[in-house]
Amino acid sequence: MARLIGGLGTSHVPSIAVALDRGLADTPDWKPFFDGYIPAKAWMARKKPDIAIVIYNDHGNSFFLDRVPTLALGVADSYRPIDEGWGPRAIPPIPGAADFAWHLADRMVERHFDPLICRELEVDHGMQVPLELFYGLPQAWPVRTVPILVNTIQYPIPTPQRLWALGAVLREAIESWPGDETVVILGTGGLSHQLQGARAGFINRAADHDWLENIGPHPERYRDMTREQYVETFGSEGAELIMWLAMRAAMNPKVRTVMTHYHAPASMTGAGMVVLENEEEPA
Ligand code: DHB
Ligand code: FE
């Protein structure tokens, strides 16, 4: 049995990668944002998980709007960072935990989640940025990953309740895996932002703070919201937050909120992070 040692949530704003590549992390605009991740990087360096399951959405980079899987799963040994238009990035390919990913594929199909299975996948900022926020820019990534892609780009997106149910399957896959690896789950995206339409630029700081405070102790509030309520509360792109629910649902009912960080705006987004650990369950 593998062991889930933490649930992490983070924004994945693409300009974070650009700021890192251009050496802007210590400038007045960016320093308060990056400084908030120092304790999370220390947490990761201390815990050294073997596998990171990363739940994220592609943004029209690997899958354009002509073919959008509602749910997809990477089962490759390695994932190339995709060029999103700023030029190829000098970051190493991201190792994949193909063995565990195939096991997860089987558990998902058994439980009637039927993902698009990707033997080959280039990953965009949705996956790149969370890894560099928690690991910095290493010569080689010290973790093997399993990408899970969720359509949060083109309606209809899946429901919060569906993402919650996916979390239970993640937990089951971890517990039924014969290896003894340690695992973290990263929920990515959000927090509030809207990049299009009449409300472009919308940020809801109060709702973002509530989210960071309550996703650990009171996740049912967010599980039970409709997709429309996500869009109203967090913005059309802020609805990416549904992906954190799969991370939270994979954990024990009781968790500790080890740390949070919030900074707004980062680009056009309320940017936030949380690290959760399981409380022991009663025997
Ligand atoms: C922005 C934020 C995102 O989460 C994203 O995927 C794309 C853009 C932004 O704030 O610019
Ligand atoms: Fe996004």
# chains A, B, ... in the order shown; residues from 1 in each chain; ligands from 1
call {"tool": "residues_near_ligand", "arguments": {"ligand": "ligand 1", "cutoff": "7 Å", "atoms": "only C-alpha atoms and all ligand atoms", "output": "PDB file with N, CA, C and O atoms, in the first residue's frame"}}
result
ATOM      1  N   SER A  11      -2.583  27.776  -7.103  1.00  0.00           N
ATOM      2  CA  SER A  11      -2.806  28.420  -8.398  1.00  0.00           C
ATOM      3  C   SER A  11      -1.715  28.003  -9.364  1.00  0.00           C
ATOM      4  O   SER A  11      -0.628  27.598  -8.955  1.00  0.00           O
ATOM      5  N   HIS A  12      -1.990  28.176 -10.669  1.00  0.00           N
ATOM      6  CA  HIS A  12      -0.986  27.799 -11.671  1.00  0.00           C
ATOM      7  C   HIS A  12      -0.818  28.893 -12.735  1.00  0.00           C
ATOM      8  O   HIS A  12      -0.569  28.590 -13.896  1.00  0.00           O
ATOM      9  N   VAL A  13      -0.955  30.125 -12.331  1.00  0.00           N
ATOM     10  CA  VAL A  13      -0.915  31.275 -13.261  1.00  0.00           C
ATOM     11  C   VAL A  13       0.321  31.211 -14.181  1.00  0.00           C
ATOM     12  O   VAL A  13       1.450  31.098 -13.685  1.00  0.00           O
ATOM     13  N   PRO A  14       0.144  31.305 -15.498  1.00  0.00           N
ATOM     14  CA  PRO A  14       1.270  31.103 -16.416  1.00  0.00           C
ATOM     15  C   PRO A  14       2.383  32.148 -16.285  1.00  0.00           C
ATOM     16  O   PRO A  14       3.552  31.848 -16.527  1.00  0.00           O
ATOM     17  N   SER A  15       2.025  33.368 -15.895  1.00  0.00           N
ATOM     18  CA  SER A  15       3.076  34.391 -15.802  1.00  0.00           C
ATOM     19  C   SER A  15       4.066  34.099 -14.668  1.00  0.00           C
ATOM     20  O   SER A  15       5.142  34.695 -14.626  1.00  0.00           O
ATOM     21  N   HIS A  59      -4.782  24.221 -21.224  1.00  0.00           N
ATOM     22  CA  HIS A  59      -5.390  25.499 -21.618  1.00  0.00           C
ATOM     23  C   HIS A  59      -5.327  25.694 -23.126  1.00  0.00           C
ATOM     24  O   HIS A  59      -4.813  26.699 -23.615  1.00  0.00           O
ATOM     25  N   GLY A 126      -0.339  24.556 -16.435  1.00  0.00           N
ATOM     26  CA  GLY A 126      -1.205  23.957 -15.432  1.00  0.00           C
ATOM     27  C   GLY A 126      -0.470  22.925 -14.587  1.00  0.00           C
ATOM     28  O   GLY A 126      -0.742  22.759 -13.396  1.00  0.00           O
ATOM     29  N   GLY A 189      -5.056  25.283  -9.948  1.00  0.00           N
ATOM     30  CA  GLY A 189      -5.966  26.223 -10.602  1.00  0.00           C
ATOM     31  C   GLY A 189      -6.550  27.220  -9.612  1.00  0.00           C
ATOM     32  O   GLY A 189      -6.394  27.100  -8.401  1.00  0.00           O
ATOM     33  N   GLY A 190      -7.219  28.238 -10.141  1.00  0.00           N
ATOM     34  CA  GLY A 190      -7.791  29.286  -9.293  1.00  0.00           C
ATOM     35  C   GLY A 190      -6.691  30.205  -8.762  1.00  0.00           C
ATOM     36  O   GLY A 190      -5.591  30.190  -9.277  1.00  0.00           O
ATOM     37  N   HIS A 193     -10.655  34.157 -10.669  1.00  0.00           N
ATOM     38  CA  HIS A 193     -10.268  34.974 -11.821  1.00  0.00           C
ATOM     39  C   HIS A 193     -11.227  34.759 -12.975  1.00  0.00           C
ATOM     40  O   HIS A 193     -11.837  33.713 -13.108  1.00  0.00           O
ATOM     41  N   LEU A 195     -11.018  35.740 -17.159  1.00  0.00           N
ATOM     42  CA  LEU A 195     -10.136  36.306 -18.189  1.00  0.00           C
ATOM     43  C   LEU A 195     -10.903  36.801 -19.403  1.00  0.00           C
ATOM     44  O   LEU A 195     -10.314  37.264 -20.360  1.00  0.00           O
ATOM     45  N   GLU A 237     -12.967  31.383 -15.090  1.00  0.00           N
ATOM     46  CA  GLU A 237     -11.739  30.575 -15.008  1.00  0.00           C
ATOM     47  C   GLU A 237     -11.443  30.153 -13.560  1.00  0.00           C
ATOM     48  O   GLU A 237     -10.769  29.149 -13.329  1.00  0.00           O
ATOM     49  N   ALA A 266      -2.065  38.172  -8.834  1.00  0.00           N
ATOM     50  CA  ALA A 266      -0.905  37.663  -9.562  1.00  0.00           C
ATOM     51  C   ALA A 266      -1.393  37.564 -11.003  1.00  0.00           C
ATOM     52  O   ALA A 266      -2.305  36.782 -11.279  1.00  0.00           O
ATOM     53  N   SER A 267      -0.828  38.364 -11.893  1.00  0.00           N
ATOM     54  CA  SER A 267      -1.439  38.563 -13.207  1.00  0.00           C
ATOM     55  C   SER A 267      -2.878  39.041 -12.977  1.00  0.00           C
ATOM     56  O   SER A 267      -3.089  40.026 -12.259  1.00  0.00           O
ATOM     57  N   MET A 268      -3.876  38.304 -13.446  1.00  0.00           N
ATOM     58  CA  MET A 268      -5.279  38.732 -13.254  1.00  0.00           C
ATOM     59  C   MET A 268      -5.993  37.836 -12.247  1.00  0.00           C
ATOM     60  O   MET A 268      -7.220  37.756 -12.252  1.00  0.00           O
ATOM     61  N   THR A 269      -5.208  37.185 -11.393  1.00  0.00           N
ATOM     62  CA  THR A 269      -5.761  36.077 -10.606  1.00  0.00           C
ATOM     63  C   THR A 269      -5.541  36.284  -9.110  1.00  0.00           C
ATOM     64  O   THR A 269      -4.490  36.772  -8.705  1.00  0.00           O
TER      65      THR A 269
END
call {"tool": "closest_atom_pairs", "arguments": {"of": "stretch 20-52 of chain A", "to": "stretch 239-263 of chain A", "cutoff": "10 Å", "atoms": "only C-alpha atoms", "output": "tab-separated table"}}
result
residue	atom	partner	partner_atom	distance
A:Trp30	CA	A:His263	CA	9.6
A:Pro32	CA	A:His263	CA	7.5
A:Phe33	CA	A:His263	CA	5.8
A:Phe34	CA	A:His263	CA	9.4
A:Asp35	CA	A:His261	CA	9.4
A:Gly36	CA	A:His261	CA	5.7
A:Tyr37	CA	A:His261	CA	7.4
A:Pro39	CA	A:Met259	CA	8.0
A:Ala40	CA	A:Met259	CA	7.7
A:Trp43	CA	A:Val258	CA	9.4
call {"tool": "residues_around", "arguments": {"residues": "A:Glu120", "least_positions_apart": "5", "cutoff": "12 Å", "atoms": "only C-alpha atoms", "output": "ChimeraX atom specification"}}
result
/A:62,72-81,96,98,147
call {"tool": "select_by_dssp", "arguments": {"residues": "stretch 134-220 of chain A", "states": "strand (DSSP E or B)", "output": "list in words"}}
result
Arg144, Thr145, Val146, Pro147, Ile148, Leu149, Val150, Thr182, Val183, Val184, Ile185, Leu186, Gly187 and Thr188 of chain A
call {"tool": "select_by_dssp", "arguments": {"residues": "stretch 16-89 of chain A", "states": "alpha helix (DSSP H)", "output": "JSON, numbers by chain"}}
result
{"A": [16, 17, 18, 19, 20, 21, 31, 32, 33, 34, 35, 38, 39, 40, 41, 42, 43, 44, 45, 46, 47]}
call {"tool": "write_last_selection", "arguments": {"atoms": "N, CA and C atoms", "output": "PDB file, in the first residue's frame"}}
result
ATOM      1  N   ILE A  16       3.724  33.177 -13.756  1.00  0.00           N
ATOM      2  CA  ILE A  16       4.688  32.756 -12.724  1.00  0.00           C
ATOM      3  C   ILE A  16       5.917  32.139 -13.404  1.00  0.00           C
ATOM      4  N   ALA A  17       5.680  31.309 -14.409  1.00  0.00           N
ATOM      5  CA  ALA A  17       6.794  30.671 -15.131  1.00  0.00           C
ATOM      6  C   ALA A  17       7.630  31.723 -15.853  1.00  0.00           C
ATOM      7  N   VAL A  18       6.941  32.691 -16.443  1.00  0.00           N
ATOM      8  CA  VAL A  18       7.656  33.746 -17.167  1.00  0.00           C
ATOM      9  C   VAL A  18       8.489  34.573 -16.179  1.00  0.00           C
ATOM     10  N   ALA A  19       7.906  34.869 -15.011  1.00  0.00           N
ATOM     11  CA  ALA A  19       8.645  35.636 -13.986  1.00  0.00           C
ATOM     12  C   ALA A  19       9.900  34.881 -13.566  1.00  0.00           C
ATOM     13  N   LEU A  20       9.791  33.575 -13.389  1.00  0.00           N
ATOM     14  CA  LEU A  20      10.964  32.775 -12.998  1.00  0.00           C
ATOM     15  C   LEU A  20      12.009  32.785 -14.111  1.00  0.00           C
ATOM     16  N   ASP A  21      11.574  32.583 -15.339  1.00  0.00           N
ATOM     17  CA  ASP A  21      12.515  32.498 -16.467  1.00  0.00           C
ATOM     18  C   ASP A  21      13.234  33.832 -16.697  1.00  0.00           C
ATOM     19  N   LYS A  31       8.007  39.406  -5.412  1.00  0.00           N
ATOM     20  CA  LYS A  31       8.615  38.849  -4.197  1.00  0.00           C
ATOM     21  C   LYS A  31       7.586  38.413  -3.135  1.00  0.00           C
ATOM     22  N   PRO A  32       6.559  39.237  -2.855  1.00  0.00           N
ATOM     23  CA  PRO A  32       5.585  38.802  -1.835  1.00  0.00           C
ATOM     24  C   PRO A  32       4.868  37.507  -2.237  1.00  0.00           C
ATOM     25  N   PHE A  33       4.665  37.339  -3.525  1.00  0.00           N
ATOM     26  CA  PHE A  33       4.031  36.099  -3.987  1.00  0.00           C
ATOM     27  C   PHE A  33       4.950  34.900  -3.749  1.00  0.00           C
ATOM     28  N   PHE A  34       6.184  34.982  -4.255  1.00  0.00           N
ATOM     29  CA  PHE A  34       7.092  33.824  -4.151  1.00  0.00           C
ATOM     30  C   PHE A  34       7.509  33.557  -2.702  1.00  0.00           C
ATOM     31  N   ASP A  35       7.663  34.608  -1.894  1.00  0.00           N
ATOM     32  CA  ASP A  35       8.065  34.398  -0.493  1.00  0.00           C
ATOM     33  C   ASP A  35       7.065  33.517   0.252  1.00  0.00           C
ATOM     34  N   ILE A  38       7.911  29.792   0.329  1.00  0.00           N
ATOM     35  CA  ILE A  38       9.140  29.272   0.956  1.00  0.00           C
ATOM     36  C   ILE A  38       8.827  28.149   1.954  1.00  0.00           C
ATOM     37  N   PRO A  39       7.832  28.321   2.848  1.00  0.00           N
ATOM     38  CA  PRO A  39       7.522  27.209   3.775  1.00  0.00           C
ATOM     39  C   PRO A  39       6.985  25.970   3.064  1.00  0.00           C
ATOM     40  N   ALA A  40       6.293  26.154   1.952  1.00  0.00           N
ATOM     41  CA  ALA A  40       5.756  24.995   1.216  1.00  0.00           C
ATOM     42  C   ALA A  40       6.888  24.229   0.533  1.00  0.00           C
ATOM     43  N   LYS A  41       7.882  24.962   0.032  1.00  0.00           N
ATOM     44  CA  LYS A  41       9.051  24.292  -0.556  1.00  0.00           C
ATOM     45  C   LYS A  41       9.816  23.532   0.524  1.00  0.00           C
ATOM     46  N   ALA A  42       9.894  24.117   1.718  1.00  0.00           N
ATOM     47  CA  ALA A  42      10.578  23.442   2.826  1.00  0.00           C
ATOM     48  C   ALA A  42       9.812  22.181   3.224  1.00  0.00           C
ATOM     49  N   TRP A  43       8.492  22.288   3.227  1.00  0.00           N
ATOM     50  CA  TRP A  43       7.649  21.114   3.537  1.00  0.00           C
ATOM     51  C   TRP A  43       7.949  19.993   2.539  1.00  0.00           C
ATOM     52  N   MET A  44       7.988  20.346   1.259  1.00  0.00           N
ATOM     53  CA  MET A  44       8.223  19.358   0.207  1.00  0.00           C
ATOM     54  C   MET A  44       9.628  18.751   0.337  1.00  0.00           C
ATOM     55  N   ALA A  45      10.607  19.579   0.651  1.00  0.00           N
ATOM     56  CA  ALA A  45      11.993  19.094   0.777  1.00  0.00           C
ATOM     57  C   ALA A  45      12.119  18.147   1.973  1.00  0.00           C
ATOM     58  N   ARG A  46      11.319  18.397   2.999  1.00  0.00           N
ATOM     59  CA  ARG A  46      11.342  17.536   4.186  1.00  0.00           C
ATOM     60  C   ARG A  46      10.606  16.225   3.921  1.00  0.00           C
ATOM     61  N   LYS A  47       9.490  16.271   3.229  1.00  0.00           N
ATOM     62  CA  LYS A  47       8.630  15.085   3.041  1.00  0.00           C
ATOM     63  C   LYS A  47       9.103  14.194   1.897  1.00  0.00           C
TER      64      LYS A  47
END
call {"tool": "closest_residue", "arguments": {"among": "A:Gly197, A:Gly167, A:Pro158, A:Gly179", "to": "A:Ala2", "atoms": "only C-alpha atoms"}}
result
A:Gly179
call {"tool": "atom_distance", "arguments": {"atom1": "atom CA of A:Ile5", "atom2": "atom CA of A:Arg162"}}
result
23.2 Å
call {"tool": "residues_around", "arguments": {"residues": "stretch 218-235 of chain A", "least_positions_apart": "4", "cutoff": "7 Å", "atoms": "only C-alpha atoms", "output": "PyMOL selection string"}}
result
chain A and resi 159-161+164+191-194+202+204+207+214+239+245
call {"tool": "atom_distance", "arguments": {"atom1": "atom CA of A:Ala173", "atom2": "atom CA of A:Leu104"}}
result
5.6 Å
call {"tool": "closest_residue", "arguments": {"among": "A:Ile215, A:Met127, A:Ile174, A:Ala140", "to": "ligand 2", "atoms": "only C-alpha atoms and all ligand atoms"}}
result
A:Met127
call {"tool": "residues_around", "arguments": {"residues": "A:Glu175", "least_positions_apart": "4", "cutoff": "8 Å", "atoms": "only C-alpha atoms", "output": "list in words"}}
result
Met1, Ala2, Arg3 and Arg171 of chain A
call {"tool": "write_last_selection", "arguments": {"atoms": "N, CA, C and O atoms", "output": "mmCIF file, in the first residue's frame"}}
result
data_model
loop_
_atom_site.group_PDB
_atom_site.id
_atom_site.type_symbol
_atom_site.label_atom_id
_atom_site.label_comp_id
_atom_site.auth_asym_id
_atom_site.auth_seq_id
_atom_site.Cartn_x
_atom_site.Cartn_y
_atom_site.Cartn_z
ATOM 1 N N MET A 1 0.839 -1.201 0.000
ATOM 2 C CA MET A 1 0.000 0.000 0.000
ATOM 3 C C MET A 1 0.874 1.252 0.000
ATOM 4 O O MET A 1 1.772 1.390 0.819
ATOM 5 N N ALA A 2 0.611 2.125 -0.949
ATOM 6 C CA ALA A 2 1.293 3.428 -0.917
ATOM 7 C C ALA A 2 0.629 4.285 0.149
ATOM 8 O O ALA A 2 -0.402 3.905 0.703
ATOM 9 N N ARG A 3 1.225 5.421 0.455
ATOM 10 C CA ARG A 3 0.719 6.223 1.567
ATOM 11 C C ARG A 3 0.584 7.682 1.147
ATOM 12 O O ARG A 3 1.550 8.273 0.662
ATOM 13 N N ARG A 171 -7.932 7.763 -3.716
ATOM 14 C CA ARG A 171 -7.599 7.169 -2.424
ATOM 15 C C ARG A 171 -7.553 5.639 -2.526
ATOM 16 O O ARG A 171 -6.613 5.000 -2.042
#
call {"tool": "closest_residue", "arguments": {"among": "A:Gly87, A:Gly238, A:Pro95, A:Gly187", "to": "ligand 2", "atoms": "only C-alpha atoms and all ligand atoms"}}
result
A:Gly238
call {"tool": "closest_residue", "arguments": {"among": "A:Ser236, A:Pro217, A:Asn278, A:Arg107", "to": "A:Ala198", "atoms": "only C-alpha atoms"}}
result
A:Ser236
call {"tool": "closest_residue", "arguments": {"among": "A:Val169, A:Ala271, A:Leu276, A:Ala283", "to": "ligand 2", "atoms": "only C-alpha atoms and all ligand atoms"}}
result
A:Ala271
call {"tool": "decode", "arguments": {"residues": "stretch 264-280 of chain A", "atoms": "N, CA and C atoms", "output": "compact mmCIF listing (two decimals), in the first residue's frame"}}
result
# COMPACT_ATOMS: atom_id res chain seq x y z
N ALA A 264 -2.93 38.69 -4.15
CA ALA A 264 -3.77 39.13 -5.27
C ALA A 264 -3.48 40.59 -5.60
N PRO A 265 -3.44 40.89 -6.90
CA PRO A 265 -3.52 39.93 -7.99
C PRO A 265 -2.14 39.40 -8.38
N ALA A 266 -2.07 38.17 -8.83
CA ALA A 266 -0.90 37.66 -9.56
C ALA A 266 -1.39 37.56 -11.00
N SER A 267 -0.83 38.36 -11.89
CA SER A 267 -1.44 38.56 -13.21
C SER A 267 -2.88 39.04 -12.98
N MET A 268 -3.88 38.30 -13.45
CA MET A 268 -5.28 38.73 -13.25
C MET A 268 -5.99 37.84 -12.25
N THR A 269 -5.21 37.19 -11.39
CA THR A 269 -5.76 36.08 -10.61
C THR A 269 -5.54 36.28 -9.11
N GLY A 270 -6.52 35.90 -8.31
CA GLY A 270 -6.28 35.73 -6.89
C GLY A 270 -5.50 34.43 -6.73
N ALA A 271 -4.27 34.54 -6.24
CA ALA A 271 -3.38 33.37 -6.23
C ALA A 271 -3.24 32.85 -4.80
N GLY A 272 -3.42 31.53 -4.66
CA GLY A 272 -3.39 30.97 -3.31
C GLY A 272 -2.80 29.58 -3.27
N MET A 273 -2.48 29.17 -2.05
CA MET A 273 -1.84 27.86 -1.82
C MET A 273 -2.28 27.33 -0.47
N VAL A 274 -2.44 26.03 -0.38
CA VAL A 274 -2.70 25.39 0.91
C VAL A 274 -1.93 24.07 0.97
N VAL A 275 -1.46 23.72 2.16
CA VAL A 275 -0.88 22.40 2.41
C VAL A 275 -1.71 21.74 3.51
N LEU A 276 -2.23 20.55 3.21
CA LEU A 276 -3.06 19.79 4.15
C LEU A 276 -2.37 18.47 4.49
N GLU A 277 -2.52 18.05 5.73
CA GLU A 277 -2.07 16.71 6.13
C GLU A 277 -3.23 16.00 6.80
N ASN A 278 -3.28 14.68 6.64
CA ASN A 278 -4.32 13.88 7.29
C ASN A 278 -4.19 13.92 8.81
N GLU A 279 -5.32 14.04 9.50
CA GLU A 279 -5.36 13.69 10.92
C GLU A 279 -5.57 12.18 10.97
N GLU A 280 -5.03 11.54 11.99
CA GLU A 280 -5.24 10.10 12.13
C GLU A 280 -6.74 9.82 12.23
